[in-house]
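Student: Contents of protein_36.cif (mmCIF, C-alpha atoms) are below:
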```cif
data_input
loop_
_atom_site.group_PDB
_atom_site.id
_atom_site.type_symbol
_atom_site.label_atom_id
_atom_site.label_comp_id
_atom_site.auth_asym_id
_atom_site.auth_seq_id
_atom_site.Cartn_x
_atom_site.Cartn_y
_atom_site.Cartn_z
ATOM 1 C CA MET A 1 15.870 -16.429 -0.294
ATOM 2 C CA GLY A 2 18.118 -17.662 2.529
ATOM 3 C CA ALA A 3 17.088 -18.894 5.989
ATOM 4 C CA THR A 4 13.346 -18.288 6.434
ATOM 5 C CA VAL A 5 11.541 -18.040 9.778
ATOM 6 C CA THR A 6 7.770 -17.615 10.234
ATOM 7 C CA LEU A 7 5.899 -16.642 13.402
ATOM 8 C CA THR A 8 2.350 -17.999 13.395
ATOM 9 C CA MET A 9 1.505 -16.280 16.707
ATOM 10 C CA ASP A 10 1.036 -19.526 18.626
ATOM 11 C CA GLU A 11 4.659 -19.792 19.832
ATOM 12 C CA VAL A 12 3.857 -18.495 23.344
ATOM 13 C CA SER A 13 0.712 -18.299 25.466
ATOM 14 C CA LEU A 14 -1.862 -15.491 25.316
ATOM 15 C CA GLN A 15 -0.235 -12.289 26.660
ATOM 16 C CA PRO A 16 0.286 -8.585 25.826
ATOM 17 C CA ILE A 17 2.954 -8.035 23.164
ATOM 18 C CA ASN A 18 4.591 -4.961 24.715
ATOM 19 C CA GLY A 19 8.130 -6.055 25.649
ATOM 20 C CA LEU A 20 7.457 -9.649 24.580
ATOM 21 C CA ALA A 21 10.520 -11.484 23.135
ATOM 22 C CA VAL A 22 9.741 -14.575 21.042
ATOM 23 C CA PRO A 23 12.708 -16.731 19.964
ATOM 24 C CA LYS A 24 12.345 -18.894 16.868
ATOM 25 C CA GLY A 25 14.765 -20.229 14.251
ATOM 26 C CA GLY A 26 17.772 -18.402 15.679
ATOM 27 C CA ILE A 27 16.018 -15.010 15.749
ATOM 28 C CA THR A 28 14.464 -13.242 18.711
ATOM 29 C CA PHE A 29 11.464 -11.115 17.728
ATOM 30 C CA THR A 30 10.892 -8.343 20.289
ATOM 31 C CA PHE A 31 7.536 -6.579 20.167
ATOM 32 C CA SER A 32 6.589 -3.085 21.321
ATOM 33 C CA ASP A 33 3.091 -1.712 21.849
ATOM 34 C CA ALA A 34 2.956 1.460 23.941
ATOM 35 C CA GLY A 35 -0.854 1.399 23.941
ATOM 36 C CA GLY A 36 -0.854 -2.056 25.543
ATOM 37 C CA ASN A 37 -4.004 -3.288 23.788
ATOM 38 C CA LEU A 38 -2.521 -5.909 21.442
ATOM 39 C CA ASN A 39 -2.179 -9.553 22.538
ATOM 40 C CA TYR A 40 -0.111 -12.464 21.206
ATOM 41 C CA ASN A 41 -1.810 -15.851 20.574
ATOM 42 C CA SER A 42 -5.196 -14.152 20.606
ATOM 43 C CA PRO A 43 -8.406 -15.036 18.811
ATOM 44 C CA GLY A 44 -8.750 -12.427 16.097
ATOM 45 C CA LEU A 45 -10.922 -12.339 13.011
ATOM 46 C CA GLY A 46 -11.056 -16.057 12.197
ATOM 47 C CA THR A 47 -9.484 -18.005 9.355
ATOM 48 C CA LEU A 48 -8.971 -15.709 6.392
ATOM 49 C CA THR A 49 -6.552 -15.632 3.447
ATOM 50 C CA TYR A 50 -3.399 -14.160 5.051
ATOM 51 C CA VAL A 51 -4.496 -14.260 8.703
ATOM 52 C CA GLN A 52 -5.610 -17.316 10.688
ATOM 53 C CA ASP A 53 -6.355 -17.485 14.415
ATOM 54 C CA PRO A 54 -4.448 -17.280 16.680
ATOM 55 C CA THR A 55 -3.009 -13.872 15.807
ATOM 56 C CA ILE A 56 -1.761 -10.685 17.374
ATOM 57 C CA ALA A 57 -5.093 -8.937 17.830
ATOM 58 C CA GLY A 58 -6.636 -5.920 19.511
ATOM 59 C CA SER A 59 -7.266 -2.208 19.044
ATOM 60 C CA PRO A 60 -5.611 -0.508 16.066
ATOM 61 C CA GLU A 61 -2.523 1.195 17.470
ATOM 62 C CA LEU A 62 1.126 1.670 16.571
ATOM 63 C CA PHE A 63 3.242 -1.419 17.287
ATOM 64 C CA GLY A 64 6.717 -2.557 16.362
ATOM 65 C CA VAL A 65 8.922 -5.597 15.896
ATOM 66 C CA ALA A 66 12.721 -5.635 16.366
ATOM 67 C CA PHE A 67 14.971 -8.494 15.233
ATOM 68 C CA SER A 68 18.025 -9.833 17.083
ATOM 69 C CA VAL A 69 19.748 -10.312 13.696
ATOM 70 C CA PRO A 70 19.319 -8.289 10.496
ATOM 71 C CA VAL A 71 16.743 -9.597 8.016
ATOM 72 C CA TYR A 72 16.444 -8.938 4.290
ATOM 73 C CA SER A 73 12.777 -9.605 3.670
ATOM 74 C CA VAL A 74 9.641 -9.054 5.729
ATOM 75 C CA GLN A 75 6.178 -10.414 4.975
ATOM 76 C CA PHE A 76 2.996 -10.526 7.048
ATOM 77 C CA GLY A 77 -0.769 -10.595 6.810
ATOM 78 C CA MET A 78 -3.078 -8.070 8.417
ATOM 79 C CA ALA A 79 -6.850 -7.797 8.673
ATOM 80 C CA GLY A 80 -9.267 -5.258 10.083
ATOM 81 C CA ASN A 81 -12.999 -5.501 10.797
ATOM 82 C CA SER A 82 -14.316 -3.014 8.300
ATOM 83 C CA THR A 83 -14.391 -2.510 4.548
ATOM 84 C CA THR A 84 -13.249 0.141 2.092
ATOM 85 C CA ILE A 85 -10.387 1.377 4.268
ATOM 86 C CA THR A 86 -7.348 2.328 2.206
ATOM 87 C CA PRO A 87 -4.611 2.250 3.252
ATOM 88 C CA MET A 88 -4.995 -0.356 5.979
ATOM 89 C CA ALA A 89 -1.676 0.608 7.571
ATOM 90 C CA THR A 90 1.599 2.470 7.186
ATOM 91 C CA VAL A 91 4.758 0.377 7.619
ATOM 92 C CA ARG A 92 8.163 1.911 8.397
ATOM 93 C CA LEU A 93 11.290 -0.239 8.041
ATOM 94 C CA TYR A 94 14.548 0.635 9.833
ATOM 95 C CA ASN A 95 18.207 -0.295 9.845
ATOM 96 C CA GLY A 96 19.224 0.699 13.367
ATOM 97 C CA ALA A 97 17.878 4.226 13.876
ATOM 98 C CA THR A 98 17.894 4.933 10.117
ATOM 99 C CA LEU A 99 14.556 4.859 8.316
ATOM 100 C CA ILE A 100 14.977 2.734 5.168
ATOM 101 C CA THR A 101 11.540 3.258 3.667
ATOM 102 C CA THR A 102 7.879 3.966 4.430
ATOM 103 C CA MET A 103 5.263 1.857 2.641
ATOM 104 C CA THR A 104 1.497 1.496 2.772
ATOM 105 C CA LEU A 105 -0.431 -1.745 3.138
ATOM 106 C CA ASN A 106 -3.596 -1.751 1.069
ATOM 107 C CA PRO A 107 -6.391 -4.318 1.228
ATOM 108 C CA SER A 108 -6.378 -7.015 -1.447
ATOM 109 C CA VAL A 109 -9.204 -9.226 -0.131
ATOM 110 C CA THR A 110 -12.615 -8.233 1.245
ATOM 111 C CA HIS A 111 -14.614 -10.706 3.320
ATOM 112 C CA THR A 112 -18.310 -10.149 4.030
ATOM 113 C CA SER A 113 -19.028 -13.138 6.260
ATOM 114 C CA PRO A 114 -19.252 -13.670 9.184
ATOM 115 C CA ILE A 115 -18.290 -9.978 9.562
ATOM 116 C CA ALA A 116 -17.088 -7.368 7.068
ATOM 117 C CA THR A 117 -13.296 -7.584 6.998
ATOM 118 C CA GLU A 118 -10.497 -6.061 4.903
ATOM 119 C CA GLU A 119 -7.305 -8.084 4.512
ATOM 120 C CA GLY A 120 -3.924 -7.545 2.900
ATOM 121 C CA GLN A 121 -0.421 -8.950 2.736
ATOM 122 C CA PHE A 122 2.698 -6.812 3.166
ATOM 123 C CA THR A 123 5.887 -7.879 1.377
ATOM 124 C CA TYR A 124 9.287 -6.153 1.398
ATOM 125 C CA SER A 125 12.675 -7.411 0.196
ATOM 126 C CA SER A 126 15.980 -5.541 -0.185
ATOM 127 C CA ALA A 127 19.756 -5.894 -0.047
ATOM 128 C CA THR A 128 19.669 -3.345 2.801
ATOM 129 C CA PRO A 129 19.291 -5.189 6.121
ATOM 130 C CA VAL A 130 16.235 -4.459 8.272
ATOM 131 C CA THR A 131 16.590 -4.495 12.058
ATOM 132 C CA SER A 132 13.044 -3.402 12.975
ATOM 133 C CA PHE A 133 9.761 -2.110 11.628
ATOM 134 C CA THR A 134 6.658 -0.361 12.906
ATOM 135 C CA VAL A 135 3.042 -0.699 11.803
ATOM 136 C CA THR A 136 0.508 2.109 12.175
ATOM 137 C CA PRO A 137 -2.939 0.645 11.408
ATOM 138 C CA SER A 138 -5.832 2.795 10.253
ATOM 139 C CA SER A 139 -7.729 4.130 13.256
ATOM 140 C CA SER A 140 -10.968 3.419 11.354
ATOM 141 C CA PHE A 141 -10.708 -0.252 12.345
ATOM 142 C CA ALA A 142 -12.267 -1.343 15.641
ATOM 143 C CA VAL A 143 -10.096 -4.485 15.767
ATOM 144 C CA ILE A 144 -7.031 -5.606 13.827
ATOM 145 C CA ALA A 145 -5.310 -8.988 13.455
ATOM 146 C CA PHE A 146 -1.636 -9.461 12.504
ATOM 147 C CA ASP A 147 -0.266 -12.891 11.518
ATOM 148 C CA ASN A 148 2.273 -15.027 9.656
ATOM 149 C CA LEU A 149 5.314 -12.777 10.088
ATOM 150 C CA THR A 150 7.959 -14.264 7.767
ATOM 151 C CA VAL A 151 11.559 -13.005 7.507
ATOM 152 C CA THR A 152 14.750 -14.150 5.770
ATOM 153 C CA THR A 153 18.160 -13.770 7.355
ATOM 154 C CA THR A 154 20.285 -13.710 4.205
ATOM 155 C CA PRO A 155 19.924 -11.476 1.176
ATOM 156 C CA SER A 156 18.384 -13.039 -1.896
ATOM 157 C CA THR A 157 20.819 -13.689 -4.696
ATOM 158 C CA PRO A 158 19.961 -12.019 -7.956
ATOM 159 C CA THR A 159 19.058 -14.544 -10.582
ATOM 160 C CA VAL A 160 21.100 -14.575 -13.772
ATOM 161 C CA PRO A 161 18.943 -15.358 -16.776
ATOM 162 C CA ALA A 162 19.800 -18.684 -18.376
ATOM 163 C CA THR A 163 21.194 -18.534 -21.880
ATOM 164 C CA SER A 164 18.821 -20.193 -24.310
ATOM 165 C CA SER A 165 19.978 -22.760 -26.887
ATOM 166 C CA LEU A 166 18.943 -20.346 -29.665
ATOM 167 C CA THR A 167 21.206 -17.646 -28.210
ATOM 168 C CA LEU A 168 24.097 -20.123 -27.987
ATOM 169 C CA ALA A 169 23.529 -21.276 -31.581
ATOM 170 C CA LEU A 170 23.482 -17.690 -32.881
ATOM 171 C CA MET A 171 26.642 -16.842 -30.918
ATOM 172 C CA THR A 172 28.385 -19.937 -32.373
ATOM 173 C CA LEU A 173 27.354 -19.010 -35.924
ATOM 174 C CA GLY A 174 28.645 -15.486 -35.373
ATOM 175 C CA ILE A 175 32.015 -16.728 -34.098
ATOM 176 C CA VAL A 176 32.344 -19.217 -36.993
ATOM 177 C CA GLY A 177 31.421 -16.481 -39.460
ATOM 178 C CA LEU A 178 34.032 -14.085 -38.030
ATOM 179 C CA GLY A 179 36.642 -16.865 -38.128
ATOM 180 C CA GLY A 180 35.829 -17.639 -41.747
ATOM 181 C CA TYR A 181 36.036 -13.971 -42.702
ATOM 182 C CA ALA A 182 39.442 -13.645 -40.986
ATOM 183 C CA LEU A 183 40.764 -16.743 -42.816
ATOM 184 C CA ARG A 184 39.473 -15.489 -46.144
ATOM 185 C CA ARG A 185 41.227 -12.154 -45.662
ATOM 186 C CA GLN A 186 44.457 -13.882 -44.629
ATOM 187 C CA PHE A 187 44.613 -16.156 -47.719
ATOM 188 C CA ARG A 188 43.322 -13.644 -50.288
ATOM 189 C CA PRO A 189 45.795 -13.206 -53.182
ATOM 190 C CA SER A 190 47.795 -10.010 -53.062
ATOM 191 C CA THR A 191 46.875 -7.394 -55.699
ATOM 192 C CA SER A 192 50.138 -5.477 -55.528
ATOM 193 C CA HIS A 193 52.539 -5.651 -58.578
#
```
Turn the structure described in the file into structure tokens.
Tutor:
Amino acid sequence: MGATVTLTMDEVSLQPINGLAVPKGGITFTFSDAGGNLNYNSPGLGTLTYVQDPTIAGSPELFGVAFSVPVYSVQFGMAGNSTTITPMATVRLYNGATLITTMTLNPSVTHTSPIATEEGQFTYSSATPVTSFTVTPSSSFAVIAFDNLTVTTTPSTPTVPATSSLTLALMTLGIVGLGGYALRRQFRPSTSH
């Protein structure tokens, strides 16, 4: 997967994310939040499956993350304090000003205690480099939490399937058979008179 960097939202002290630049692992993550209600290193919705305090937490509003270097995969967890909300969020990924794709984040885990919470994990990987993304959470949530932002800085190499020993044996038998047939044809007695 290449060089992997994960933000666990405890890298800097509690503060609003709008304009915040967080350097880690050779990448600077720059956050935007025009609404101004989301905070870094904030208590959120507790310790869940994909999200664990501290997180980026606050009111559900559009926010973004830009990278100082292109990345080829993006993964994060998100939770909201409600249930049966689908989709949880819309995620738009960009290369410069060009929209690469728009995807939805749907819940995959529902927690009922101590409060009703939906949670999901977003995963994207491509050979096309990503320079930023935006998240538009469902406005049905009262509070959201965003955590464990993981990116890779080199494209993943496609895996080539390994050749099995059975395949090699069959290929060898085929080559030997073709060789034997060619020799047989070469040394066959001539039928011309």
Student: Within 12 Å of stretch 112-120 of chain A, which residues of stretch 43-64 of chain A show up? Give each one with its shortest atom-to-atom distance in Å (one decimal) and the two atoms involved, counting all atoms listed in the file, rows by chain then rising residue number, as a tab-separated table.
Tutor:
```
residue	atom	partner	partner_atom	distance
A:Gly44	CA	A:Thr117	CA	11.3
A:Leu45	CA	A:Thr117	CA	8.0
A:Gly46	CA	A:Pro114	CA	9.1
A:Thr47	CA	A:Pro114	CA	10.7
A:Leu48	CA	A:Glu119	CA	8.0
A:Thr49	CA	A:Glu119	CA	7.7
A:Tyr50	CA	A:Gly120	CA	7.0
A:Val51	CA	A:Glu119	CA	8.0
A:Gln52	CA	A:Glu119	CA	11.2
```
Student: List the residues matched by the PyMOL selection byres ((chain A and resi 11) around 9) in the displayed structure as a list in words, ordered by chain and then by residue number.
Tutor: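 For this structure, the PyMOL selection byres ((chain A and resi 11) around 9) resolves to Leu7, Thr8, Met9, Asp10, Val12, Ser13, Val22, Pro23, Lys24, Tyr40 and Asn41 of chain A.
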Student: Work out how far apart atom CA of A:Val71 and atom CA of A:Leu38 are and give it in Å to one decimal.
Tutor: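 Distance between the two atoms: 23.8 Å.
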Student: So, with all atoms listed in the file as the atoms that count, which of A:Pro129, A:Pro43, A:Pro137, A:Pro155 lies closest to A:Pro60?
Tutor: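 Ranked by minimum distance to A:Pro60, first place goes to A:Pro137.
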Student: State, in Å with one decimal place, the distance from atom CA of A:Met88 to atom CA of A:Asp33.
Tutor: 17.9 Å
Student: Which of these, A:Ser132, A:Ser32, A:Asn148, A:Gln15, has the shortest distance to A:Gly96 once you count all atoms listed in the file?
Tutor: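 Under the stated criterion, the closest residue is A:Ser132.
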Student: Report as a PyMOL selection string the residues that result from applying the PyMOL selection byres ((chain A and resi 73) around 10) to the structure here.
Tutor: chain A and resi 1-2+4+70-72+74-75+123-130+150-156
Student: Neighbouring residues of A:Val69 were defined as those with any atom within 8 Å, considering only C-alpha atoms; residues of the same chain fewer than 6 positions away were excluded. Please report them as a list in words.
Tutor: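 Selected residues are Ile27, Thr28, Thr131 and Thr153 of chain A.
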Student: Using atom CA of A:Phe146 and atom CA of A:Ala97 as the two end points, give the distance in Å to one decimal.
Tutor: 23.9 Å
Student: Using all atoms listed in the file, collect all residues at a distance of at most 8 Å from (-13.4, -4.1, 6.9) as written in the file, then present them as a PyMOL selection string.
Tutor: chain A and resi 79-85+110-111+116-119+141
Student: From the list A:Ala57, A:Leu93, A:Ile17, A:Ile100, which residue is nearest A:Ala34 when using only C-alpha atoms?
Tutor: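 Ranking A:Ala57, A:Leu93, A:Ile17, A:Ile100 by distance to A:Ala34, first place goes to A:Ile17.
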Student: From the list A:Ser140, A:Asn39, A:Thr55, A:Val5, which residue is nearest A:Gly25 when using only C-alpha atoms?
Tutor: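 Nearest to A:Gly25: A:Val5.
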Student: What residues have an atom no more than 9 Å from (4.9, 3.1, 14.9) in the file's own frame, counting only C-alpha atoms, and can you write them as a PyMOL selection string?
Tutor: chain A and resi 33+61-64+90-92+133-137
Student: The centre and edge lengths of an axis-aligned box containing all atoms of stretch 139-145 of chain A present in the file, extended by 4 Å on each side, are to be given in Å to one decimal, as lines of an AutoDock Vina configuration file.
Tutor:
```
center_x = -8.8
center_y = -2.4
center_z = 13.6
size_x = 15.0
size_y = 21.1
size_z = 12.4
```
Student: Considering all atoms listed in the file, state which residue in the set A:Thr104, A:Gly58, A:Ala21, A:Leu14 is at the smallest distance from A:Gly35.
Tutor: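 The closest residue to A:Gly35 is A:Gly58.
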Student: Take stretch 76-94 of chain A, model N, CA and C atoms, and hand the result over as a PDB file, in the coordinates of the input.
Tutor:
```
ATOM      1  N   PHE A  76       4.014 -10.202   6.046  1.00  0.00           N
ATOM      2  CA  PHE A  76       2.996 -10.526   7.048  1.00  0.00           C
ATOM      3  C   PHE A  76       1.616 -10.249   6.484  1.00  0.00           C
ATOM      4  N   GLY A  77       0.626 -10.856   7.145  1.00  0.00           N
ATOM      5  CA  GLY A  77      -0.769 -10.595   6.810  1.00  0.00           C
ATOM      6  C   GLY A  77      -1.396  -9.720   7.880  1.00  0.00           C
ATOM      7  N   MET A  78      -2.358  -8.912   7.465  1.00  0.00           N
ATOM      8  CA  MET A  78      -3.078  -8.070   8.417  1.00  0.00           C
ATOM      9  C   MET A  78      -4.535  -7.965   7.984  1.00  0.00           C
ATOM     10  N   ALA A  79      -5.422  -7.930   8.964  1.00  0.00           N
ATOM     11  CA  ALA A  79      -6.850  -7.797   8.673  1.00  0.00           C
ATOM     12  C   ALA A  79      -7.464  -6.810   9.659  1.00  0.00           C
ATOM     13  N   GLY A  80      -8.529  -6.181   9.229  1.00  0.00           N
ATOM     14  CA  GLY A  80      -9.267  -5.258  10.083  1.00  0.00           C
ATOM     15  C   GLY A  80     -10.758  -5.425   9.853  1.00  0.00           C
ATOM     16  N   ASN A  81     -11.566  -5.218  10.893  1.00  0.00           N
ATOM     17  CA  ASN A  81     -12.999  -5.501  10.797  1.00  0.00           C
ATOM     18  C   ASN A  81     -13.788  -4.324  10.253  1.00  0.00           C
ATOM     19  N   SER A  82     -13.562  -4.036   9.005  1.00  0.00           N
ATOM     20  CA  SER A  82     -14.316  -3.014   8.300  1.00  0.00           C
ATOM     21  C   SER A  82     -14.037  -3.204   6.819  1.00  0.00           C
ATOM     22  N   THR A  83     -14.682  -2.442   5.983  1.00  0.00           N
ATOM     23  CA  THR A  83     -14.391  -2.510   4.548  1.00  0.00           C
ATOM     24  C   THR A  83     -14.142  -1.116   4.008  1.00  0.00           C
ATOM     25  N   THR A  84     -13.578  -1.089   2.832  1.00  0.00           N
ATOM     26  CA  THR A  84     -13.249   0.141   2.092  1.00  0.00           C
ATOM     27  C   THR A  84     -12.347   1.090   2.876  1.00  0.00           C
ATOM     28  N   ILE A  85     -11.375   0.544   3.575  1.00  0.00           N
ATOM     29  CA  ILE A  85     -10.387   1.377   4.268  1.00  0.00           C
ATOM     30  C   ILE A  85      -9.062   1.230   3.534  1.00  0.00           C
ATOM     31  N   THR A  86      -8.612   2.330   2.935  1.00  0.00           N
ATOM     32  CA  THR A  86      -7.348   2.328   2.206  1.00  0.00           C
ATOM     33  C   THR A  86      -6.578   3.576   2.587  1.00  0.00           C
ATOM     34  N   PRO A  87      -5.328   3.488   3.002  1.00  0.00           N
ATOM     35  CA  PRO A  87      -4.611   2.250   3.252  1.00  0.00           C
ATOM     36  C   PRO A  87      -5.030   1.638   4.587  1.00  0.00           C
ATOM     37  N   MET A  88      -4.718   0.336   4.724  1.00  0.00           N
ATOM     38  CA  MET A  88      -4.995  -0.356   5.979  1.00  0.00           C
ATOM     39  C   MET A  88      -3.995   0.060   7.052  1.00  0.00           C
ATOM     40  N   ALA A  89      -2.738   0.298   6.607  1.00  0.00           N
ATOM     41  CA  ALA A  89      -1.676   0.608   7.571  1.00  0.00           C
ATOM     42  C   ALA A  89      -0.497   1.265   6.861  1.00  0.00           C
ATOM     43  N   THR A  90       0.320   1.942   7.653  1.00  0.00           N
ATOM     44  CA  THR A  90       1.599   2.470   7.186  1.00  0.00           C
ATOM     45  C   THR A  90       2.696   1.672   7.881  1.00  0.00           C
ATOM     46  N   VAL A  91       3.668   1.196   7.093  1.00  0.00           N
ATOM     47  CA  VAL A  91       4.758   0.377   7.619  1.00  0.00           C
ATOM     48  C   VAL A  91       6.068   1.124   7.401  1.00  0.00           C
ATOM     49  N   ARG A  92       6.846   1.266   8.478  1.00  0.00           N
ATOM     50  CA  ARG A  92       8.163   1.911   8.397  1.00  0.00           C
ATOM     51  C   ARG A  92       9.222   0.870   8.729  1.00  0.00           C
ATOM     52  N   LEU A  93      10.222   0.732   7.849  1.00  0.00           N
ATOM     53  CA  LEU A  93      11.290  -0.239   8.041  1.00  0.00           C
ATOM     54  C   LEU A  93      12.590   0.498   8.360  1.00  0.00           C
ATOM     55  N   TYR A  94      13.351  -0.036   9.328  1.00  0.00           N
ATOM     56  CA  TYR A  94      14.548   0.635   9.833  1.00  0.00           C
ATOM     57  C   TYR A  94      15.766  -0.281   9.788  1.00  0.00           C
TER      58      TYR A  94
END
```
